[in-house]
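Next up, upload14.pdb (PDB, C-alpha atoms and all ligand atoms):
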ATOM      1  CA  MET A   1     140.439 112.293  96.034
ATOM      2  CA  PHE A   2     137.942 109.766  94.655
ATOM      3  CA  GLU A   3     140.059 108.090  91.955
ATOM      4  CA  ASN A   4     140.547 104.990  94.035
ATOM      5  CA  LEU A   5     136.777 104.730  94.482
ATOM      6  CA  LEU A   6     136.236 105.052  90.720
ATOM      7  CA  GLU A   7     138.700 102.230  90.036
ATOM      8  CA  HIS A   8     136.823  99.930  92.397
ATOM      9  CA  ILE A   9     133.479 100.863  90.861
ATOM     10  CA  ASP A  10     134.793 100.144  87.350
ATOM     11  CA  ARG A  11     136.044  96.761  88.459
ATOM     12  CA  LEU A  12     132.739  95.808  90.075
ATOM     13  CA  ILE A  13     130.697  97.009  87.096
ATOM     14  CA  GLU A  14     132.411  94.197  85.143
ATOM     15  CA  LYS A  15     132.306  91.672  87.938
ATOM     16  CA  ARG A  16     128.750  92.038  89.274
ATOM     17  CA  PRO A  17     126.376  92.368  86.321
ATOM     18  CA  ALA A  18     123.323  92.225  88.642
ATOM     19  CA  SER A  19     124.314  95.587  90.179
ATOM     20  CA  ARG A  20     125.522  97.143  86.942
ATOM     21  CA  ASP A  21     122.811  99.816  86.636
ATOM     22  CA  ALA A  22     123.177 101.044  90.217
ATOM     23  CA  LEU A  23     126.963 101.122  89.924
ATOM     24  CA  VAL A  24     126.984 102.935  86.582
ATOM     25  CA  SER A  25     124.748 105.717  87.943
ATOM     26  CA  TYR A  26     126.817 105.920  91.109
ATOM     27  CA  ARG A  27     130.005 106.160  89.061
ATOM     28  CA  GLU A  28     128.725 109.151  87.113
ATOM     29  CA  LEU A  29     128.014 111.026  90.349
ATOM     30  CA  VAL A  30     131.277 110.069  92.057
ATOM     31  CA  GLY A  31     133.034 111.385  88.929
ATOM     32  CA  LEU A  32     131.594 114.836  89.731
ATOM     33  CA  MET A  33     132.650 114.872  93.370
ATOM     34  CA  ASP A  34     136.115 116.251  92.779
ATOM     35  CA  GLN A  35     134.519 119.464  91.522
ATOM     36  CA  VAL A  36     134.048 120.750  95.049
ATOM     37  CA  ALA A  37     136.626 121.270  97.763
ATOM     38  CA  PRO A  38     134.802 121.460 101.094
ATOM     39  CA  GLN A  39     136.238 123.702 103.786
ATOM     40  CA  GLN A  40     137.116 121.828 106.924
ATOM     41  CA  GLN A  41     137.623 123.894 110.030
ATOM     42  CA  LYS A  42     140.338 122.582 112.267
ATOM     43  CA  ILE A  43     138.446 120.647 114.864
ATOM     44  CA  HIS A  44     139.830 119.885 118.222
ATOM     45  CA  VAL A  45     137.787 118.042 120.769
ATOM     46  CA  GLU A  46     139.239 118.516 124.193
ATOM     47  CA  GLY A  47     140.782 115.242 125.408
ATOM     48  CA  ARG A  48     138.766 114.878 128.595
ATOM     49  CA  LEU A  49     135.483 115.683 126.895
ATOM     50  CA  LYS A  50     136.282 113.081 124.265
ATOM     51  CA  ASP A  51     137.058 110.449 126.912
ATOM     52  CA  VAL A  52     133.908 111.220 128.876
ATOM     53  CA  LYS A  53     131.761 111.023 125.746
ATOM     54  CA  GLN A  54     133.325 107.729 124.824
ATOM     55  CA  GLU A  55     132.876 106.260 128.293
ATOM     56  CA  GLU A  56     129.231 107.302 128.373
ATOM     57  CA  GLY A  57     128.576 105.936 124.890
ATOM     58  CA  PHE A  58     128.036 109.311 123.199
ATOM     59  CA  PRO A  59     129.370 109.685 119.674
ATOM     60  CA  LEU A  60     131.730 112.609 119.061
ATOM     61  CA  PHE A  61     128.973 114.456 117.154
ATOM     62  CA  SER A  62     125.290 113.863 116.668
ATOM     63  CA  ARG A  63     123.832 113.893 113.158
ATOM     64  CA  ASN A  64     122.309 117.311 113.914
ATOM     65  CA  ASP A  65     125.520 119.047 114.881
ATOM     66  CA  LEU A  66     128.061 117.676 112.411
ATOM     67  CA  PRO A  67     130.334 120.530 111.317
ATOM     68  CA  LEU A  68     129.759 120.171 107.563
ATOM     69  CA  ASP A  69     130.227 122.546 104.659
ATOM     70  CA  PHE A  70     126.658 122.972 103.353
ATOM     71  CA  GLU A  71     127.812 125.539 100.802
ATOM     72  CA  ALA A  72     130.108 123.059  99.022
ATOM     73  CA  SER A  73     127.462 120.353  99.398
ATOM     74  CA  SER A  74     124.811 122.583  97.764
ATOM     75  CA  THR A  75     127.176 123.278  94.869
ATOM     76  CA  LEU A  76     127.694 119.563  94.416
ATOM     77  CA  MET A  77     123.950 118.912  94.624
ATOM     78  CA  SER A  78     123.397 121.393  91.791
ATOM     79  CA  ARG A  79     126.076 119.609  89.687
ATOM     80  CA  PHE A  80     124.362 116.267  90.336
ATOM     81  CA  LEU A  81     120.942 117.636  89.380
ATOM     82  CA  ASP A  82     122.360 119.363  86.312
ATOM     83  CA  HIS A  83     123.929 116.121  85.180
ATOM     84  CA  LEU A  84     120.961 113.850  85.919
ATOM     85  CA  ALA A  85     118.391 116.238  84.420
ATOM     86  CA  ALA A  86     120.203 115.875  81.076
ATOM     87  CA  THR A  87     119.860 112.061  81.064
ATOM     88  CA  LYS A  88     116.955 109.885  79.974
ATOM     89  CA  ARG A  89     115.857 108.944  83.474
ATOM     90  CA  GLU A  90     112.161 108.616  84.165
ATOM     91  CA  ASP A  91     112.270 111.280  86.879
ATOM     92  CA  VAL A  92     113.877 113.954  84.691
ATOM     93  CA  GLY A  93     110.888 116.281  85.264
ATOM     94  CA  GLY A  94     111.388 116.131  89.026
ATOM     95  CA  LEU A  95     115.122 116.619  88.733
ATOM     96  CA  LYS A  96     114.605 119.771  86.679
ATOM     97  CA  LYS A  97     112.127 121.075  89.252
ATOM     98  CA  ALA A  98     114.617 120.406  92.030
ATOM     99  CA  LEU A  99     117.344 122.185  90.075
ATOM    100  CA  ASP A 100     115.077 125.231  89.592
ATOM    101  CA  GLN A 101     114.255 125.218  93.306
ATOM    102  CA  LEU A 102     117.894 125.106  94.246
ATOM    103  CA  LYS A 103     118.891 127.852  91.821
ATOM    104  CA  SER A 104     116.158 130.210  92.973
ATOM    105  CA  ASP A 105     116.587 129.498  96.668
ATOM    106  CA  TRP A 106     119.943 128.280  97.929
ATOM    107  CA  GLY A 107     118.292 127.515 101.293
ATOM    108  CA  TRP A 108     116.333 124.707  99.636
ATOM    109  CA  ALA A 109     119.350 122.385  99.657
ATOM    110  CA  ASN A 110     120.062 123.270 103.291
ATOM    111  CA  ARG A 111     116.521 122.256 104.233
ATOM    112  CA  LEU A 112     117.016 118.991 102.384
ATOM    113  CA  PHE A 113     120.357 118.314 104.093
ATOM    114  CA  ARG A 114     118.813 119.067 107.490
ATOM    115  CA  ALA A 115     115.891 116.710 106.816
ATOM    116  CA  VAL A 116     118.299 113.928 105.829
ATOM    117  CA  LEU A 117     120.670 114.476 108.750
ATOM    118  CA  GLU A 118     117.852 114.785 111.274
ATOM    119  CA  LYS A 119     116.067 111.768 109.762
ATOM    120  CA  ASP A 120     113.004 113.978 109.427
ATOM    121  CA  ASP A 121     110.947 111.773 107.090
ATOM    122  CA  GLU A 122     107.960 114.114 107.150
ATOM    123  CA  ASN A 123     110.026 116.985 105.815
ATOM    124  CA  LEU A 124     111.778 114.764 103.313
ATOM    125  CA  THR A 125     108.428 113.544 101.981
ATOM    126  CA  ARG A 126     107.250 117.163 101.715
ATOM    127  CA  ILE A 127     110.333 118.185  99.724
ATOM    128  CA  GLY A 128     109.777 115.093  97.555
ATOM    129  CA  LYS A 129     106.183 116.145  96.854
ATOM    130  CA  GLU A 130     107.220 119.700  95.991
ATOM    131  CA  THR A 131     109.619 118.374  93.369
ATOM    132  CA  ASP A 132     107.853 115.153  92.258
ATOM    133  CA  LEU A 133     110.896 113.172  93.310
ATOM    134  CA  ASP A 134     111.019 109.955  95.293
ATOM    135  CA  PRO A 135     112.159 110.886  98.834
ATOM    136  CA  LYS A 136     114.595 107.933  98.677
ATOM    137  CA  ALA A 137     116.229 109.387  95.540
ATOM    138  CA  LEU A 138     116.452 112.796  97.216
ATOM    139  CA  GLN A 139     117.982 111.252 100.296
ATOM    140  CA  PHE A 140     120.535 109.382  98.197
ATOM    141  CA  LEU A 141     121.526 112.536  96.296
ATOM    142  CA  ALA A 142     121.688 114.649  99.452
ATOM    143  CA  GLN A 143     123.827 112.116 101.252
ATOM    144  CA  LEU A 144     126.163 111.862  98.274
ATOM    145  CA  SER A 145     126.359 115.671  98.096
ATOM    146  CA  LEU A 146     127.470 115.712 101.731
ATOM    147  CA  LYS A 147     130.019 112.960 101.164
ATOM    148  CA  PRO A 148     133.117 115.074 100.345
ATOM    149  CA  SER A 149     132.474 117.185 103.433
ATOM    150  CA  LEU A 150     131.885 114.095 105.597
ATOM    151  CA  GLN A 151     135.069 112.615 104.203
ATOM    152  CA  ALA A 152     137.020 115.790 105.057
ATOM    153  CA  LEU A 153     135.597 115.691 108.580
ATOM    154  CA  ARG A 154     136.585 112.058 108.997
ATOM    155  CA  ASN A 155     140.080 112.745 107.693
ATOM    156  CA  SER A 156     140.508 115.480 110.276
ATOM    157  CA  ILE A 157     139.137 113.690 113.323
ATOM    158  CA  SER A 158     138.971 109.923 112.832
ATOM    159  CA  GLU A 159     142.399 109.269 114.335
ATOM    160  CA  GLU A 160     141.367 110.891 117.589
ATOM    161  CA  ILE A 161     138.677 108.288 118.192
ATOM    162  CA  ASP A 162     139.591 105.201 120.160
ATOM    163  CA  LYS A 163     137.540 102.818 118.055
ATOM    164  CA  GLY A 164     138.845  99.724 119.820
ATOM    165  CA  GLY A 165     137.289 101.035 123.015
ATOM    166  CA  TRP A 166     133.901 101.695 121.415
ATOM    167  CA  ASP A 167     131.419  99.026 122.388
ATOM    168  CA  HIS A 168     128.245 100.108 120.574
ATOM    169  CA  GLY A 169     126.290  99.294 117.452
ATOM    170  CA  TYR A 170     126.192 102.963 116.333
ATOM    171  CA  CYS A 171     128.935 105.103 114.849
ATOM    172  CA  PRO A 172     131.468 106.619 117.295
ATOM    173  CA  LEU A 173     131.824 109.699 115.084
ATOM    174  CA  CYS A 174     128.261 110.620 114.126
ATOM    175  CA  GLY A 175     125.951 108.215 115.976
ATOM    176  CA  SER A 176     124.396 106.725 112.823
ATOM    177  CA  GLN A 177     123.615 103.070 112.327
ATOM    178  CA  PRO A 178     125.822 100.750 110.307
ATOM    179  CA  ASN A 179     124.682  99.690 106.821
ATOM    180  CA  MET A 180     127.439  97.202 106.061
ATOM    181  CA  ALA A 181     129.891  94.943 107.883
ATOM    182  CA  TYR A 182     133.041  93.030 107.047
ATOM    183  CA  PHE A 183     135.233  90.351 108.572
ATOM    184  CA  ASP A 184     138.901  91.297 108.421
ATOM    185  CA  LYS A 185     141.710  88.854 107.628
ATOM    186  CA  THR A 186     141.657  87.567 111.206
ATOM    187  CA  GLY A 187     137.890  87.038 111.175
ATOM    188  CA  LYS A 188     137.127  90.048 113.389
ATOM    189  CA  ARG A 189     133.922  91.905 112.525
ATOM    190  CA  HIS A 190     133.846  95.630 111.715
ATOM    191  CA  LEU A 191     130.800  97.797 111.085
ATOM    192  CA  HIS A 192     130.567 100.576 108.487
ATOM    193  CA  CYS A 193     128.597 103.773 109.183
ATOM    194  CA  GLU A 194     125.709 104.488 106.795
ATOM    195  CA  LEU A 195     126.376 108.238 106.862
ATOM    196  CA  CYS A 196     130.013 109.178 107.441
ATOM    197  CA  GLY A 197     131.675 105.886 106.465
ATOM    198  CA  GLU A 198     133.541 105.477 109.763
ATOM    199  CA  GLU A 199     134.375 101.859 110.629
ATOM    200  CA  TRP A 200     134.706 100.260 114.044
ATOM    201  CA  PRO A 201     135.057  96.748 115.491
ATOM    202  CA  HIS A 202     131.999  94.973 116.894
ATOM    203  CA  PRO A 203     131.577  91.432 118.306
ATOM    204  CA  ARG A 204     130.275  88.906 115.786
ATOM    205  CA  LEU A 205     127.681  87.422 118.118
ATOM    206  CA  ASN A 206     125.929  90.664 118.999
ATOM    207  CA  CYS A 207     123.187  92.362 116.988
ATOM    208  CA  PRO A 208     124.336  95.968 116.302
ATOM    209  CA  PHE A 209     120.713  97.151 116.333
ATOM    210  CA  CYS A 210     119.257  95.591 119.514
ATOM    211  CA  ARG A 211     122.344  94.005 121.101
ATOM    212  CA  ALA A 212     120.777  90.517 121.161
ATOM    213  CA  GLU A 213     123.427  87.914 121.900
ATOM    214  CA  GLU A 214     121.412  84.701 122.183
ATOM    215  CA  GLN A 215     122.308  82.117 119.556
ATOM    216  CA  LYS A 216     118.642  81.463 118.837
ATOM    217  CA  SER A 217     118.048  85.101 117.828
ATOM    218  CA  LEU A 218     121.028  85.447 115.503
ATOM    219  CA  GLY A 219     121.533  83.795 112.152
ATOM    220  CA  TYR A 220     122.868  84.323 108.658
ATOM    221  CA  PHE A 221     122.583  83.094 105.116
ATOM    222  CA  HIS A 222     125.161  83.116 102.357
ATOM    223  CA  SER A 223     124.948  84.690  98.944
ATOM    224  CA  GLU A 224     124.375  82.014  96.327
ATOM    225  CA  GLN A 225     125.840  84.219  93.610
ATOM    226  CA  GLU A 226     129.261  84.818  95.019
ATOM    227  CA  GLU A 227     131.400  83.362  97.757
ATOM    228  CA  GLY A 228     132.371  85.559 100.702
ATOM    229  CA  PHE A 229     129.116  87.494 101.089
ATOM    230  CA  ARG A 230     126.467  86.850 103.681
ATOM    231  CA  VAL A 231     123.551  88.451 105.439
ATOM    232  CA  ASP A 232     123.538  88.450 109.226
ATOM    233  CA  PHE A 233     120.072  88.796 110.668
ATOM    234  CA  CYS A 234     118.406  89.070 114.050
ATOM    235  CA  ARG A 235     115.079  87.432 114.805
ATOM    236  CA  LYS A 236     114.570  89.634 117.847
ATOM    237  CA  CYS A 237     114.509  93.035 116.068
ATOM    238  CA  ASN A 238     114.128  91.735 112.493
ATOM    239  CA  ARG A 239     117.032  93.807 111.224
ATOM    240  CA  TYR A 240     119.845  92.548 109.005
ATOM    241  CA  ILE A 241     123.267  93.637 107.839
ATOM    242  CA  LYS A 242     125.210  92.543 104.774
ATOM    243  CA  THR A 243     128.708  91.258 105.471
ATOM    244  CA  VAL A 244     131.772  90.885 103.259
ATOM    245  CA  ASP A 245     134.270  88.259 104.392
ATOM    246  CA  LYS A 246     137.655  89.701 103.443
ATOM    247  CA  ARG A 247     139.319  86.357 104.129
ATOM    248  CA  ILE A 248     137.548  85.129 100.999
ATOM    249  CA  VAL A 249     137.005  88.348  99.024
ATOM    250  CA  GLU A 250     140.612  89.480  98.793
ATOM    251  CA  ASP A 251     139.940  92.514  96.601
ATOM    252  CA  ALA A 252     136.898  93.897  98.435
ATOM    253  CA  ALA A 253     135.965  97.447  97.397
ATOM    254  CA  PRO A 254     135.310 100.216  99.956
ATOM    255  CA  MET A 255     132.161  99.315 101.864
ATOM    256  CA  GLU A 256     129.971 102.028 100.313
ATOM    257  CA  VAL A 257     130.624 100.422  96.918
ATOM    258  CA  GLU A 258     130.111  96.865  98.195
ATOM    259  CA  TYR A 259     126.832  98.074  99.663
ATOM    260  CA  LEU A 260     125.576  99.101  96.210
ATOM    261  CA  ALA A 261     127.050  96.037  94.526
ATOM    262  CA  THR A 262     125.093  93.645  96.762
ATOM    263  CA  ILE A 263     121.565  94.917  96.231
ATOM    264  CA  HIS A 264     120.423  91.380  95.369
ATOM    265  CA  LEU A 265     121.049  90.449  99.016
ATOM    266  CA  ASP A 266     118.689  93.207 100.184
ATOM    267  CA  VAL A 267     115.994  91.719  97.989
ATOM    268  CA  ILE A 268     116.445  88.277  99.563
ATOM    269  CA  ALA A 269     116.593  89.677 103.118
ATOM    270  CA  SER A 270     113.421  91.645 102.530
ATOM    271  CA  LYS A 271     111.654  88.537 101.161
ATOM    272  CA  HIS A 272     112.466  86.846 104.446
ATOM    273  CA  GLY A 273     110.827  89.707 106.322
ATOM    274  CA  PHE A 274     113.982  91.444 107.533
ATOM    275  CA  LYS A 275     114.408  95.189 107.263
TER     276      LYS A 275
HETATM  277 ZN    ZN B 301     129.208 107.906 111.182
HETATM  278 ZN    ZN B 302     118.566  92.696 116.774
END
I'd like the structure from this file rewritten - as structure tokens, please.
Amino acid sequence: MFENLLEHIDRLIEKRPASRDALVSYRELVGLMDQVAPQQQKIHVEGRLKDVKQEEGFPLFSRNDLPLDFEASSTLMSRFLDHLAATKREDVGGLKKALDQLKSDWGWANRLFRAVLEKDDENLTRIGKETDLDPKALQFLAQLSLKPSLQALRNSISEEIDKGGWDHGYCPLCGSQPNMAYFDKTGKRHLHCELCGEEWPHPRLNCPFCRAEEQKSLGYFHSEQEEGFRVDFCRKCNRYIKTVDKRIVEDAAPMEVEYLATIHLDVIASKHGFK
């Protein structure tokens, strides 16, 4: 299921030395993902309900009620922790603690998944303190553990969503914000969901986060390292989004990989005060 992703990661590990470390770690975890096969219930959203939701700007699900397989995700989380706890990472102590927690109480992973899905930072920080792990690392691992299940959900339902008719800066499937954008071959902009990976078209001159449209609020700068990458920012809400121009980058990887392979752009955006 994830072979294609691994091929792209391998290619970018060679091509983008600045992101090598992040990509190598990511590759190891993606390599473990095939070890679980999440159950996906057949989901049918009644046509009228779907249309009404879409018209009113409601995503098909909210982050709190996504029908995900927590059991398979917990199994994957334990594989990740097992693997990482045997490496030479600085946070090995915390990883072992987390693995012990998970093995003694299967509900621990569910609490972590809930905190991540509900964006409950307080709870996430608490779980981080209990295990001596950086909440950001926990969030990353939890989100990656949920990925096969999110992917199965998308495979089962994505075609039912009329993405062309979706006029919002948040994901039509799960309501999350985008973390990456790309221009397709015709120059049209698409956004990529930070959680489920769904993609949908969005006007270029419109901030996905605050909907600002005024020219004076919107701007961008290009990557100096590689052609075809830029950061679009908004002076009104101070947010930014990294963009891959597929007219220039012909062999762009899936957006979740491009996101990790462009960390240098986050550093520059943050230096300019964008978040
Ligand atoms: Zn989504
Ligand atoms: Zn904005």
Neighbour residues at most 10 Å from (126.5, 109.9, 113.1) (only C-alpha atoms) as a list in words: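 Applying the cut-off with only C-alpha atoms, one gets Pro59, Leu60, Phe61, Ser62, Arg63, Asn64, Asp65, Leu66, Leu117, Tyr170, Cys171, Pro172, Leu173, Cys174, Gly175, Ser176, Gln177, Pro178, Cys193, Glu194, Leu195, Cys196, Gly197 and Glu198 of chain A.
Going from atom CA of Asp134 of chain A to atom CA of Lys97 of chain A covers 12.7 Å.
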Counting all atoms listed in the file, the option among A:Asp69, A:Asp232, A:Glu258, A:Asp245 closest to ligand ZN 302 (chain B): A:Asp232
Atom CA of Leu112 of chain A to atom CA of Gly128 of chain A, distance in Å rounded to a single decimal: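 Interatomic distance here is 9.5 Å.
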Residues within 6 Å of ligand ZN 302 (chain B), counting all atoms listed in the file, as a PyMOL selection string: chain A and resi 207+209-212+234+236-237+239
Pick from A:Leu205, A:Ile241, A:Ala261, A:Leu191, whichever lies nearest to ligand ZN 301 (chain B) using only C-alpha atoms and all ligand atoms: A:Leu191
Selection result of the PyMOL selection byres (((chain A and resi 218) around 7) and not hetatm) on this file, as a VMD selection string: chain A and resid 214 to 217 219 233 to 235
Nearest residue to ligand ZN 301 (chain B) from the set A:Ile157, A:Val24, A:Met77, A:Met1 (distances using only C-alpha atoms and all ligand atoms):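 Residue with the minimum atom-to-atom distance to ligand ZN 301 (chain B): A:Ile157.
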Test item: the PyMOL selection byres (((chain A and resi 252) around 12) and not hetatm) resolved as a VMD selection string: chain A and resid 5 7 to 9 11 to 12 15 181 to 185 227 to 229 243 to 251 253 to 259 261 to 262
Option closest in space to Met33 of chain A, from A:Val52, A:Leu99, A:Leu76, A:Ile127 [counting only C-alpha atoms]: A:Leu76
Ground truth for the PyMOL selection byres (((chain A and resi 275) around 8) and not hetatm), written as a PyMOL selection string: chain A and resi 238-240+269-270+273-274
Could you add whatever atoms are missing so that segment 119-141 of chain A carries N, CA, C and O atoms, then write the result as a PDB file, in the coordinates of the input?
ATOM      1  N   LYS A 119     116.968 112.895 110.049  1.00  0.00           N
ATOM      2  CA  LYS A 119     116.067 111.768 109.762  1.00  0.00           C
ATOM      3  C   LYS A 119     114.618 112.206 109.898  1.00  0.00           C
ATOM      4  O   LYS A 119     113.789 111.513 110.505  1.00  0.00           O
ATOM      5  N   ASP A 120     114.336 113.390 109.361  1.00  0.00           N
ATOM      6  CA  ASP A 120     113.004 113.978 109.427  1.00  0.00           C
ATOM      7  C   ASP A 120     112.221 113.548 108.174  1.00  0.00           C
ATOM      8  O   ASP A 120     112.189 114.248 107.164  1.00  0.00           O
ATOM      9  N   ASP A 121     111.605 112.356 108.267  1.00  0.00           N
ATOM     10  CA  ASP A 121     110.947 111.773 107.090  1.00  0.00           C
ATOM     11  C   ASP A 121     109.785 112.621 106.587  1.00  0.00           C
ATOM     12  O   ASP A 121     109.519 112.679 105.391  1.00  0.00           O
ATOM     13  N   GLU A 122     109.106 113.283 107.537  1.00  0.00           N
ATOM     14  CA  GLU A 122     107.960 114.114 107.150  1.00  0.00           C
ATOM     15  C   GLU A 122     108.424 115.238 106.212  1.00  0.00           C
ATOM     16  O   GLU A 122     107.836 115.476 105.161  1.00  0.00           O
ATOM     17  N   ASN A 123     109.474 115.885 106.616  1.00  0.00           N
ATOM     18  CA  ASN A 123     110.026 116.985 105.815  1.00  0.00           C
ATOM     19  C   ASN A 123     110.579 116.491 104.479  1.00  0.00           C
ATOM     20  O   ASN A 123     110.407 117.133 103.446  1.00  0.00           O
ATOM     21  N   LEU A 124     111.207 115.344 104.527  1.00  0.00           N
ATOM     22  CA  LEU A 124     111.778 114.764 103.313  1.00  0.00           C
ATOM     23  C   LEU A 124     110.654 114.426 102.319  1.00  0.00           C
ATOM     24  O   LEU A 124     110.769 114.695 101.120  1.00  0.00           O
ATOM     25  N   THR A 125     109.573 113.871 102.840  1.00  0.00           N
ATOM     26  CA  THR A 125     108.428 113.544 101.981  1.00  0.00           C
ATOM     27  C   THR A 125     107.856 114.826 101.386  1.00  0.00           C
ATOM     28  O   THR A 125     107.486 114.872 100.206  1.00  0.00           O
ATOM     29  N   ARG A 126     107.788 115.886 102.199  1.00  0.00           N
ATOM     30  CA  ARG A 126     107.250 117.163 101.715  1.00  0.00           C
ATOM     31  C   ARG A 126     108.118 117.711 100.576  1.00  0.00           C
ATOM     32  O   ARG A 126     107.606 118.117  99.534  1.00  0.00           O
ATOM     33  N   ILE A 127     109.423 117.692 100.773  1.00  0.00           N
ATOM     34  CA  ILE A 127     110.333 118.185  99.724  1.00  0.00           C
ATOM     35  C   ILE A 127     110.191 117.307  98.472  1.00  0.00           C
ATOM     36  O   ILE A 127     110.224 117.799  97.349  1.00  0.00           O
ATOM     37  N   GLY A 128     109.994 116.002  98.679  1.00  0.00           N
ATOM     38  CA  GLY A 128     109.777 115.093  97.555  1.00  0.00           C
ATOM     39  C   GLY A 128     108.520 115.473  96.781  1.00  0.00           C
ATOM     40  O   GLY A 128     108.524 115.506  95.549  1.00  0.00           O
ATOM     41  N   LYS A 129     107.449 115.776  97.512  1.00  0.00           N
ATOM     42  CA  LYS A 129     106.183 116.145  96.854  1.00  0.00           C
ATOM     43  C   LYS A 129     106.323 117.441  96.067  1.00  0.00           C
ATOM     44  O   LYS A 129     105.836 117.556  94.941  1.00  0.00           O
ATOM     45  N   GLU A 130     107.018 118.404  96.663  1.00  0.00           N
ATOM     46  CA  GLU A 130     107.220 119.700  95.991  1.00  0.00           C
ATOM     47  C   GLU A 130     107.936 119.546  94.644  1.00  0.00           C
ATOM     48  O   GLU A 130     107.747 120.336  93.738  1.00  0.00           O
ATOM     49  N   THR A 131     108.797 118.511  94.575  1.00  0.00           N
ATOM     50  CA  THR A 131     109.619 118.374  93.369  1.00  0.00           C
ATOM     51  C   THR A 131     109.240 117.156  92.526  1.00  0.00           C
ATOM     52  O   THR A 131     109.906 116.880  91.525  1.00  0.00           O
ATOM     53  N   ASP A 132     108.211 116.411  92.942  1.00  0.00           N
ATOM     54  CA  ASP A 132     107.853 115.153  92.258  1.00  0.00           C
ATOM     55  C   ASP A 132     109.001 114.159  92.224  1.00  0.00           C
ATOM     56  O   ASP A 132     109.182 113.431  91.247  1.00  0.00           O
ATOM     57  N   LEU A 133     109.791 114.146  93.267  1.00  0.00           N
ATOM     58  CA  LEU A 133     110.896 113.172  93.310  1.00  0.00           C
ATOM     59  C   LEU A 133     110.664 112.194  94.458  1.00  0.00           C
ATOM     60  O   LEU A 133     110.106 112.553  95.498  1.00  0.00           O
ATOM     61  N   ASP A 134     111.093 110.973  94.250  1.00  0.00           N
ATOM     62  CA  ASP A 134     111.019 109.955  95.293  1.00  0.00           C
ATOM     63  C   ASP A 134     111.904 110.407  96.471  1.00  0.00           C
ATOM     64  O   ASP A 134     113.084 110.709  96.270  1.00  0.00           O
ATOM     65  N   PRO A 135     111.346 110.458  97.689  1.00  0.00           N
ATOM     66  CA  PRO A 135     112.159 110.886  98.834  1.00  0.00           C
ATOM     67  C   PRO A 135     113.445 110.066  98.970  1.00  0.00           C
ATOM     68  O   PRO A 135     114.482 110.590  99.384  1.00  0.00           O
ATOM     69  N   LYS A 136     113.385 108.786  98.588  1.00  0.00           N
ATOM     70  CA  LYS A 136     114.595 107.933  98.677  1.00  0.00           C
ATOM     71  C   LYS A 136     115.686 108.436  97.719  1.00  0.00           C
ATOM     72  O   LYS A 136     116.870 108.428  98.053  1.00  0.00           O
ATOM     73  N   ALA A 137     115.254 108.870  96.513  1.00  0.00           N
ATOM     74  CA  ALA A 137     116.229 109.387  95.540  1.00  0.00           C
ATOM     75  C   ALA A 137     116.823 110.687  96.065  1.00  0.00           C
ATOM     76  O   ALA A 137     118.032 110.932  95.967  1.00  0.00           O
ATOM     77  N   LEU A 138     115.965 111.525  96.653  1.00  0.00           N
ATOM     78  CA  LEU A 138     116.452 112.796  97.216  1.00  0.00           C
ATOM     79  C   LEU A 138     117.446 112.542  98.337  1.00  0.00           C
ATOM     80  O   LEU A 138     118.481 113.204  98.425  1.00  0.00           O
ATOM     81  N   GLN A 139     117.100 111.570  99.177  1.00  0.00           N
ATOM     82  CA  GLN A 139     117.982 111.252 100.296  1.00  0.00           C
ATOM     83  C   GLN A 139     119.345 110.769  99.781  1.00  0.00           C
ATOM     84  O   GLN A 139     120.392 111.176 100.280  1.00  0.00           O
ATOM     85  N   PHE A 140     119.289 109.913  98.770  1.00  0.00           N
ATOM     86  CA  PHE A 140     120.535 109.382  98.197  1.00  0.00           C
ATOM     87  C   PHE A 140     121.399 110.516  97.648  1.00  0.00           C
ATOM     88  O   PHE A 140     122.600 110.597  97.920  1.00  0.00           O
ATOM     89  N   LEU A 141     120.776 111.426  96.895  1.00  0.00           N
ATOM     90  CA  LEU A 141     121.526 112.536  96.296  1.00  0.00           C
ATOM     91  C   LEU A 141     122.070 113.482  97.363  1.00  0.00           C
ATOM     92  O   LEU A 141     123.194 113.973  97.265  1.00  0.00           O
TER      93      LEU A 141
END
